[in-house]
file target18.cif (mmCIF, C-alpha atoms)
data_protein
#
loop_
_atom_site.label_atom_id
_atom_site.label_comp_id
_atom_site.auth_asym_id
_atom_site.auth_seq_id
_atom_site.Cartn_x
_atom_site.Cartn_y
_atom_site.Cartn_z
CA MET A 1 -58.87 18.67 -215.94
CA TYR A 2 -59.34 20.65 -219.20
CA MET A 3 -62.25 19.87 -221.49
CA LEU A 4 -63.81 21.40 -224.60
CA THR A 5 -67.58 21.60 -224.15
CA GLU A 6 -70.61 23.40 -225.52
CA ALA A 7 -72.94 25.47 -223.37
CA GLN A 8 -76.21 27.29 -223.78
CA ARG A 9 -77.01 30.20 -221.51
CA ILE A 10 -78.87 33.51 -221.40
CA VAL A 11 -77.27 36.96 -221.57
CA ARG A 12 -78.92 40.26 -220.72
CA ILE A 13 -78.49 42.93 -223.40
CA PRO A 14 -79.05 46.39 -221.89
CA PRO A 15 -81.29 48.77 -223.90
CA ALA A 16 -78.40 51.20 -224.52
CA GLU A 17 -76.47 48.50 -226.42
CA LEU A 18 -79.31 47.40 -228.71
CA ASP A 19 -78.39 49.90 -231.47
CA GLU A 20 -74.80 48.56 -231.79
CA ASP A 21 -73.52 45.55 -233.77
CA ILE A 22 -75.60 42.97 -231.91
CA SER A 23 -73.34 39.98 -232.63
CA LYS A 24 -70.33 41.80 -231.09
CA VAL A 25 -72.45 42.92 -228.13
CA ILE A 26 -73.72 39.37 -227.53
CA ALA A 27 -70.19 37.91 -227.73
CA GLY A 28 -68.79 40.57 -225.36
CA LEU A 29 -71.58 40.13 -222.84
CA THR A 30 -71.17 36.34 -222.93
CA TRP A 31 -67.43 36.66 -222.23
CA ASP A 32 -68.00 39.17 -219.43
CA THR A 33 -70.79 37.14 -217.84
CA TYR A 34 -69.42 33.59 -218.02
CA GLU A 35 -65.66 33.55 -218.75
CA GLY A 36 -63.55 33.01 -215.63
CA LYS A 37 -66.61 31.99 -213.61
CA LEU A 38 -67.80 28.72 -212.10
CA ASP A 39 -71.05 27.29 -213.38
CA GLU A 40 -73.63 25.25 -211.48
CA ASN A 41 -71.58 22.08 -212.09
CA LYS A 42 -68.49 23.60 -210.38
CA VAL A 43 -66.70 23.87 -213.71
CA LEU A 44 -64.50 26.94 -214.36
CA SER A 45 -64.95 28.43 -217.82
CA VAL A 46 -61.48 29.42 -219.03
CA LEU A 47 -62.12 30.46 -222.63
CA ILE A 48 -65.30 31.09 -224.61
CA LYS A 49 -65.49 31.19 -228.40
CA ASN A 50 -67.96 30.89 -231.29
CA VAL A 51 -70.85 32.63 -229.53
CA VAL A 52 -74.09 32.27 -231.53
CA PRO A 53 -77.56 33.61 -230.62
CA VAL A 54 -80.29 30.97 -230.47
CA GLY A 55 -83.75 32.09 -231.57
CA PRO A 56 -85.26 35.48 -230.83
CA GLY A 57 -84.53 37.26 -227.57
CA ARG A 58 -87.16 37.99 -224.90
CA ILE A 59 -88.04 41.40 -223.51
CA VAL A 60 -89.10 41.43 -219.88
CA HIS A 61 -91.84 43.93 -219.01
CA GLY A 62 -90.48 46.81 -216.95
CA ASP A 63 -86.84 46.01 -217.71
CA GLY A 64 -86.34 47.06 -221.33
CA ALA A 65 -83.39 44.72 -221.78
CA VAL A 66 -83.36 41.79 -224.18
CA TYR A 67 -82.66 38.36 -222.71
CA GLN A 68 -80.95 36.38 -225.45
CA THR A 69 -80.21 32.66 -225.38
CA VAL A 70 -76.70 32.01 -226.69
CA LYS A 71 -74.80 28.87 -227.56
CA TYR A 72 -70.99 28.73 -227.41
CA GLU A 73 -67.95 26.52 -227.18
CA GLN A 74 -65.83 26.75 -224.06
CA ILE A 75 -62.66 25.36 -222.61
CA VAL A 76 -63.37 24.45 -219.01
CA PHE A 77 -61.21 23.42 -216.07
CA LYS A 78 -62.43 21.09 -213.37
CA PRO A 79 -60.08 19.65 -210.76
CA LYS A 80 -61.04 16.17 -209.56
CA ASP A 81 -60.36 14.38 -206.29
CA ASN A 82 -57.26 12.15 -206.44
CA GLU A 83 -56.19 13.63 -209.78
CA ILE A 84 -52.43 13.92 -210.34
CA VAL A 85 -51.48 17.47 -211.34
CA GLU A 86 -48.25 19.12 -212.39
CA GLY A 87 -47.72 22.71 -211.32
CA VAL A 88 -45.26 25.37 -210.29
CA VAL A 89 -44.60 26.57 -206.74
CA VAL A 90 -45.68 30.24 -206.65
CA GLU A 91 -45.40 31.06 -202.94
CA VAL A 92 -43.88 29.57 -199.78
CA LEU A 93 -45.32 30.44 -196.35
CA LYS A 94 -44.98 29.19 -192.75
CA PHE A 95 -47.62 26.53 -193.29
CA GLY A 96 -46.62 25.25 -196.73
CA ALA A 97 -46.45 26.16 -200.41
CA PHE A 98 -48.97 27.28 -202.99
CA VAL A 99 -48.79 25.42 -206.30
CA ARG A 100 -50.36 26.84 -209.47
CA PHE A 101 -51.81 24.26 -211.80
CA GLY A 102 -54.08 25.43 -214.57
CA PRO A 103 -55.95 28.61 -213.60
CA LEU A 104 -56.08 27.77 -209.87
CA ASP A 105 -53.69 27.44 -206.92
CA GLY A 106 -53.59 24.54 -204.49
CA LEU A 107 -52.10 24.40 -201.01
CA LEU A 108 -49.34 21.92 -200.35
CA HIS A 109 -49.37 21.86 -196.54
CA ILE A 110 -45.94 21.55 -194.92
CA SER A 111 -46.89 18.08 -193.62
CA GLN A 112 -47.61 16.93 -197.19
CA VAL A 113 -44.37 18.04 -198.87
CA MET A 114 -42.09 15.07 -198.14
CA ASP A 115 -41.44 12.16 -195.78
CA ASP A 116 -38.98 14.22 -193.75
CA ARG A 117 -39.07 16.92 -191.12
CA VAL A 118 -39.26 20.25 -192.91
CA ASP A 119 -37.68 23.59 -191.99
CA ILE A 120 -39.18 26.79 -193.34
CA ASP A 121 -36.87 29.40 -194.88
CA GLU A 122 -39.34 32.25 -195.41
CA MET A 123 -36.63 34.76 -196.31
CA ASN A 124 -35.58 32.67 -199.32
CA GLN A 125 -39.11 31.33 -200.03
CA ARG A 126 -38.20 27.66 -199.62
CA LEU A 127 -38.84 24.52 -197.59
CA VAL A 128 -35.85 22.36 -196.62
CA GLY A 129 -35.90 18.69 -195.57
CA LYS A 130 -33.84 18.28 -192.36
CA ASP A 131 -32.54 14.78 -193.09
CA THR A 132 -32.56 14.68 -196.90
CA GLY A 133 -31.52 18.29 -197.54
CA ARG A 134 -34.06 18.45 -200.35
CA ILE A 135 -35.26 21.98 -201.12
CA LEU A 136 -38.64 23.11 -202.45
CA ALA A 137 -38.58 26.72 -203.62
CA VAL A 138 -40.61 29.21 -205.63
CA GLY A 139 -40.40 28.31 -209.32
CA ASP A 140 -39.94 24.57 -208.78
CA ILE A 141 -42.14 22.27 -210.85
CA VAL A 142 -43.89 19.56 -208.85
CA LYS A 143 -46.19 16.60 -209.35
CA ALA A 144 -48.91 16.37 -206.67
CA ARG A 145 -52.25 14.68 -206.01
CA VAL A 146 -55.45 16.61 -205.29
CA VAL A 147 -56.76 15.51 -201.86
CA SER A 148 -59.51 18.07 -201.21
CA ILE A 149 -61.52 20.55 -203.24
CA ASP A 150 -63.67 23.46 -202.03
CA LEU A 151 -64.42 25.71 -204.99
CA ASN A 152 -65.55 29.29 -204.30
CA GLU A 153 -68.36 30.13 -206.72
CA LYS A 154 -68.18 33.90 -206.18
CA ASN A 155 -64.41 34.14 -206.62
CA PRO A 156 -62.76 31.03 -208.09
CA GLN A 157 -59.29 32.36 -207.17
CA ASP A 158 -60.27 32.00 -203.49
CA SER A 159 -60.99 28.29 -203.89
CA LYS A 160 -59.34 25.92 -201.44
CA ILE A 161 -57.63 22.94 -203.05
CA GLY A 162 -55.48 20.63 -200.92
CA LEU A 163 -52.50 18.79 -202.40
CA THR A 164 -50.08 16.09 -201.28
CA MET A 165 -46.69 14.91 -202.50
CA ARG A 166 -46.19 12.19 -199.86
CA GLN A 167 -46.74 9.21 -202.13
CA PRO A 168 -44.56 7.28 -204.56
CA GLY A 169 -44.25 9.02 -207.93
CA LEU A 170 -45.04 12.45 -206.51
CA GLY A 171 -42.76 15.36 -205.61
CA LYS A 172 -40.49 17.92 -207.18
CA LEU A 173 -39.60 16.73 -210.70
CA GLN A 174 -35.90 16.93 -209.89
CA TRP A 175 -36.43 14.62 -206.87
CA LEU A 176 -38.32 12.14 -209.00
CA GLU A 177 -35.48 12.06 -211.54
CA GLU A 178 -32.90 11.57 -208.75
CA ASP A 179 -34.97 8.71 -207.28
CA ARG A 180 -35.25 7.07 -210.71
CA LYS A 181 -31.47 7.24 -211.25
CA ASN A 182 -30.82 5.84 -207.75
CA ARG A 183 -33.16 2.90 -208.41
CA GLN A 184 -31.43 2.17 -211.73
CA GLU A 185 -27.99 2.26 -210.09
CA GLN A 186 -29.23 0.01 -207.29
CA GLN A 187 -30.65 -2.47 -209.81
CA LYS A 188 -27.33 -2.54 -211.68
CA GLY A 189 -25.51 -3.16 -208.39
CA ASP A 190 -27.88 -6.06 -207.55
CA GLU A 191 -27.20 -7.83 -210.88
#
call {"tool": "encode", "arguments": {"input": "target18.cif", "output": "structure tokens"}}
result
Amino acid sequence: MYMLTEAQRIVRIPPAELDEDISKVIAGLTWDTYEGKLDENKVLSVLIKNVVPVGPGRIVHGDGAVYQTVKYEQIVFKPKDNEIVEGVVVEVLKFGAFVRFGPLDGLLHISQVMDDRVDIDEMNQRLVGKDTGRILAVGDIVKARVVSIDLNEKNPQDSKIGLTMRQPGLGKLQWLEEDRKNRQEQQKGDE
């Protein structure tokens, strides 16, 4: 999910900014250009630090700007298929719940919340299991598995990530703790 990597890219320094402190300009342009964006490998750059120019910059005829190669360290986020994530429910709608994990949100479709029929309580922003009475509401912390990924390169916040909690070991953390206690009590009763 999160990784510390190094990258080397090119930033465009406009002519008007060439008379300023060039190291600050290069760092600022690198942050503005690449931080919070997806790269060609579908990796979201979360934080950039230690920006260093590499070699002399190039001036393109007719442009006047300097194109400078820079090297930097970055913390990146890349969700992977079948990865188990822990996140917080941030919104409940008619069709399911949005779960924020890392810098992105994933959709937990109503059919993937639990092995139970689910009622939607939009007024109170929660999903309620008809038979179990279990409630999933805004602010709950859940463990889910990534089942589909469609990252939006232009606006990473509009990416579509599908999640499921309908497998053993997944669900609201409170449910998982209740299940663990029930299993322990059952094992003690079987002894």
call {"tool": "resolve_selection", "arguments": {"input": "target18.cif", "expression": "the PyMOL selection byres ((chain A and resi 54-59) around 9)", "output": "PDB file with C-alpha atoms, in the coordinates of the input"}}
result
ATOM      1  CA  GLN A   8     -76.210  27.290-223.780  1.00  0.00           C
ATOM      2  CA  VAL A  52     -74.090  32.270-231.530  1.00  0.00           C
ATOM      3  CA  PRO A  53     -77.560  33.610-230.620  1.00  0.00           C
ATOM      4  CA  VAL A  60     -89.100  41.430-219.880  1.00  0.00           C
ATOM      5  CA  HIS A  61     -91.840  43.930-219.010  1.00  0.00           C
ATOM      6  CA  GLY A  62     -90.480  46.810-216.950  1.00  0.00           C
ATOM      7  CA  ASP A  63     -86.840  46.010-217.710  1.00  0.00           C
ATOM      8  CA  GLY A  64     -86.340  47.060-221.330  1.00  0.00           C
ATOM      9  CA  ALA A  65     -83.390  44.720-221.780  1.00  0.00           C
ATOM     10  CA  VAL A  66     -83.360  41.790-224.180  1.00  0.00           C
ATOM     11  CA  TYR A  67     -82.660  38.360-222.710  1.00  0.00           C
ATOM     12  CA  GLN A  68     -80.950  36.380-225.450  1.00  0.00           C
ATOM     13  CA  THR A  69     -80.210  32.660-225.380  1.00  0.00           C
ATOM     14  CA  VAL A  70     -76.700  32.010-226.690  1.00  0.00           C
ATOM     15  CA  LYS A  71     -74.800  28.870-227.560  1.00  0.00           C
TER      16      LYS A  71
END
call {"tool": "residues_around", "arguments": {"input": "target18.cif", "residues": "Pro79 in chain A", "least_positions_apart": "6", "cutoff": "8 Å", "atoms": "only C-alpha atoms", "output": "ChimeraX atom specification"}}
result
/A:1,146,149
call {"tool": "resolve_selection", "arguments": {"input": "target18.cif", "expression": "the PyMOL selection byres ((chain A and resi 101-112) around 7)", "output": "list in words"}}
result
Val85, Glu86, Gly87, Val88, Phe95, Gly96, Ala97, Phe98, Val99, Arg100, Val113, Met114, Gln157, Lys160, Ile161, Gly162, Leu163, Thr164, Met165 and Arg166 of chain A
call {"tool": "atom_distance", "arguments": {"input": "target18.cif", "atom1": "CA of Ile22 in chain A", "atom2": "CA of Glu40 in chain A"}}
result
27.1 Å
call {"tool": "atom_distance", "arguments": {"input": "target18.cif", "atom1": "CA of Val76 in chain A", "atom2": "CA of Val138 in chain A"}}
result
26.8 Å
call {"tool": "resolve_selection", "arguments": {"input": "target18.cif", "expression": "the PyMOL selection byres ((chain A and resi 92) around 8)", "output": "PDB file with C-alpha atoms, in the coordinates of the input"}}
result
ATOM      1  CA  VAL A  89     -44.600  26.570-206.740  1.00  0.00           C
ATOM      2  CA  VAL A  90     -45.680  30.240-206.650  1.00  0.00           C
ATOM      3  CA  GLU A  91     -45.400  31.060-202.940  1.00  0.00           C
ATOM      4  CA  LEU A  93     -45.320  30.440-196.350  1.00  0.00           C
ATOM      5  CA  LYS A  94     -44.980  29.190-192.750  1.00  0.00           C
ATOM      6  CA  GLY A  96     -46.620  25.250-196.730  1.00  0.00           C
ATOM      7  CA  ALA A  97     -46.450  26.160-200.410  1.00  0.00           C
ATOM      8  CA  PHE A  98     -48.970  27.280-202.990  1.00  0.00           C
ATOM      9  CA  GLU A 122     -39.340  32.250-195.410  1.00  0.00           C
ATOM     10  CA  GLN A 125     -39.110  31.330-200.030  1.00  0.00           C
ATOM     11  CA  ARG A 126     -38.200  27.660-199.620  1.00  0.00           C
ATOM     12  CA  LEU A 127     -38.840  24.520-197.590  1.00  0.00           C
ATOM     13  CA  ALA A 137     -38.580  26.720-203.620  1.00  0.00           C
ATOM     14  CA  VAL A 138     -40.610  29.210-205.630  1.00  0.00           C
TER      15      VAL A 138
END
call {"tool": "decode", "arguments": {"input": "target18.cif", "residues": "range 68-118 of chain A", "atoms": "N, CA and C atoms", "output": "CSV table (one decimal), in the first residue's frame"}}
result
chain,number,residue,atom,x,y,z
A,68,GLN,N,14.0,21.4,-16.1
A,68,GLN,CA,15.0,20.9,-15.2
A,68,GLN,C,14.7,19.5,-14.7
A,69,THR,N,15.6,18.5,-14.9
A,69,THR,CA,15.5,17.2,-14.3
A,69,THR,C,15.7,17.3,-12.8
A,70,VAL,N,14.8,16.6,-12.1
A,70,VAL,CA,14.9,16.6,-10.6
A,70,VAL,C,14.8,15.2,-10.1
A,71,LYS,N,15.4,15.0,-9.0
A,71,LYS,CA,15.4,13.7,-8.3
A,71,LYS,C,14.8,13.9,-6.9
A,72,TYR,N,13.9,13.0,-6.5
A,72,TYR,CA,13.3,13.3,-5.1
A,72,TYR,C,12.9,11.9,-4.5
A,73,GLU,N,12.7,12.0,-3.2
A,73,GLU,CA,12.1,10.9,-2.5
A,73,GLU,C,10.6,11.1,-2.4
A,74,GLN,N,9.8,10.0,-2.4
A,74,GLN,CA,8.4,10.2,-2.3
A,74,GLN,C,7.8,9.0,-1.6
A,75,ILE,N,6.7,9.3,-0.8
A,75,ILE,CA,5.9,8.3,-0.3
A,75,ILE,C,4.7,8.1,-1.2
A,76,VAL,N,4.5,6.9,-1.7
A,76,VAL,CA,3.5,6.6,-2.7
A,76,VAL,C,2.5,5.6,-2.1
A,77,PHE,N,1.3,5.7,-2.6
A,77,PHE,CA,0.2,4.8,-2.2
A,77,PHE,C,-0.3,4.1,-3.5
A,78,LYS,N,-0.4,2.7,-3.4
A,78,LYS,CA,-0.9,2.0,-4.5
A,78,LYS,C,-1.7,0.8,-4.0
A,79,PRO,N,-3.0,0.9,-4.2
A,79,PRO,CA,-3.9,-0.2,-3.8
A,79,PRO,C,-3.7,-1.4,-4.7
A,80,LYS,N,-3.8,-2.6,-4.1
A,80,LYS,CA,-3.6,-3.8,-5.0
A,80,LYS,C,-4.8,-4.7,-4.9
A,81,ASP,N,-5.1,-5.4,-5.9
A,81,ASP,CA,-6.2,-6.3,-5.9
A,81,ASP,C,-6.0,-7.4,-4.8
A,82,ASN,N,-7.1,-7.7,-4.1
A,82,ASN,CA,-7.1,-8.7,-3.1
A,82,ASN,C,-6.4,-8.2,-1.8
A,83,GLU,N,-5.9,-7.0,-1.7
A,83,GLU,CA,-5.3,-6.5,-0.5
A,83,GLU,C,-6.3,-6.3,0.6
A,84,ILE,N,-5.9,-6.6,1.8
A,84,ILE,CA,-6.8,-6.3,2.9
A,84,ILE,C,-6.5,-4.9,3.5
A,85,VAL,N,-7.5,-4.1,3.6
A,85,VAL,CA,-7.3,-2.7,4.0
A,85,VAL,C,-8.2,-2.5,5.3
A,86,GLU,N,-7.7,-1.5,6.1
A,86,GLU,CA,-8.5,-1.1,7.2
A,86,GLU,C,-8.8,0.4,7.0
A,87,GLY,N,-10.1,0.7,7.1
A,87,GLY,CA,-10.5,2.1,6.9
A,87,GLY,C,-11.7,2.5,7.7
A,88,VAL,N,-12.1,3.7,7.5
A,88,VAL,CA,-13.2,4.3,8.3
A,88,VAL,C,-14.4,4.6,7.3
A,89,VAL,N,-15.6,4.3,7.8
A,89,VAL,CA,-16.8,4.6,7.0
A,89,VAL,C,-17.0,6.1,7.0
A,90,VAL,N,-17.0,6.7,5.8
A,90,VAL,CA,-17.2,8.2,5.7
A,90,VAL,C,-18.5,8.6,5.2
A,91,GLU,N,-19.2,7.7,4.5
A,91,GLU,CA,-20.6,8.1,4.0
A,91,GLU,C,-21.4,6.8,3.8
A,92,VAL,N,-22.7,6.9,4.1
A,92,VAL,CA,-23.6,5.8,3.8
A,92,VAL,C,-24.7,6.3,2.9
A,93,LEU,N,-24.9,5.5,1.8
A,93,LEU,CA,-25.9,5.9,0.7
A,93,LEU,C,-26.8,4.7,0.5
A,94,LYS,N,-27.8,4.9,-0.4
A,94,LYS,CA,-28.7,3.8,-0.7
A,94,LYS,C,-28.1,2.5,-1.2
A,95,PHE,N,-27.0,2.7,-1.9
A,95,PHE,CA,-26.3,1.5,-2.5
A,95,PHE,C,-25.1,1.0,-1.8
A,96,GLY,N,-24.8,1.6,-0.6
A,96,GLY,CA,-23.7,1.0,0.2
A,96,GLY,C,-23.0,2.1,1.0
A,97,ALA,N,-21.7,1.9,1.3
A,97,ALA,CA,-21.0,2.8,2.1
A,97,ALA,C,-19.6,3.1,1.5
A,98,PHE,N,-19.1,4.3,1.7
A,98,PHE,CA,-17.8,4.6,1.2
A,98,PHE,C,-16.8,4.5,2.4
A,99,VAL,N,-15.7,3.9,2.2
A,99,VAL,CA,-14.7,3.6,3.2
A,99,VAL,C,-13.4,4.3,2.8
A,100,ARG,N,-12.9,5.1,3.7
A,100,ARG,CA,-11.6,5.8,3.4
A,100,ARG,C,-10.5,5.0,4.0
A,101,PHE,N,-9.6,4.7,3.1
A,101,PHE,CA,-8.4,4.0,3.5
A,101,PHE,C,-7.2,4.6,2.8
A,102,GLY,N,-6.2,5.1,3.6
A,102,GLY,CA,-5.2,5.9,2.9
A,102,GLY,C,-5.8,7.2,2.4
A,103,PRO,N,-5.3,7.6,1.2
A,103,PRO,CA,-5.8,8.9,0.6
A,103,PRO,C,-7.0,8.7,-0.3
A,104,LEU,N,-7.5,7.5,-0.4
A,104,LEU,CA,-8.6,7.2,-1.3
A,104,LEU,C,-9.8,6.6,-0.6
A,105,ASP,N,-10.9,6.6,-1.3
A,105,ASP,CA,-12.2,6.0,-0.8
A,105,ASP,C,-12.5,4.8,-1.7
A,106,GLY,N,-13.1,3.8,-1.0
A,106,GLY,CA,-13.5,2.6,-1.8
A,106,GLY,C,-15.0,2.5,-1.5
A,107,LEU,N,-15.7,1.8,-2.4
A,107,LEU,CA,-17.1,1.6,-2.3
A,107,LEU,C,-17.4,0.2,-1.7
A,108,LEU,N,-18.1,0.1,-0.6
A,108,LEU,CA,-18.5,-1.2,-0.1
A,108,LEU,C,-20.0,-1.3,-0.4
A,109,HIS,N,-20.3,-2.0,-1.6
A,109,HIS,CA,-21.6,-2.1,-2.0
A,109,HIS,C,-22.5,-2.8,-1.0
A,110,ILE,N,-23.7,-2.5,-0.9
A,110,ILE,CA,-24.7,-3.0,0.1
A,110,ILE,C,-24.6,-4.5,0.1
A,111,SER,N,-24.5,-5.2,-1.1
A,111,SER,CA,-24.4,-6.6,-1.2
A,111,SER,C,-23.1,-7.2,-0.6
A,112,GLN,N,-22.1,-6.4,-0.3
A,112,GLN,CA,-20.8,-6.9,0.1
A,112,GLN,C,-20.6,-6.5,1.6
A,113,VAL,N,-21.6,-6.0,2.3
A,113,VAL,CA,-21.4,-5.6,3.7
A,113,VAL,C,-21.4,-6.8,4.6
A,114,MET,N,-22.4,-7.7,4.5
A,114,MET,CA,-22.5,-8.8,5.4
A,114,MET,C,-23.3,-9.9,4.8
A,115,ASP,N,-23.2,-11.1,5.4
A,115,ASP,CA,-24.1,-12.2,5.0
A,115,ASP,C,-25.4,-12.1,5.7
A,116,ASP,N,-26.2,-11.1,5.3
A,116,ASP,CA,-27.5,-10.9,5.9
A,116,ASP,C,-28.2,-9.9,5.0
A,117,ARG,N,-29.5,-9.9,5.0
A,117,ARG,CA,-30.2,-8.9,4.3
A,117,ARG,C,-30.0,-7.5,5.0
A,118,VAL,N,-29.8,-6.5,4.2
A,118,VAL,CA,-29.4,-5.2,4.8
A,118,VAL,C,-30.5,-4.1,4.6
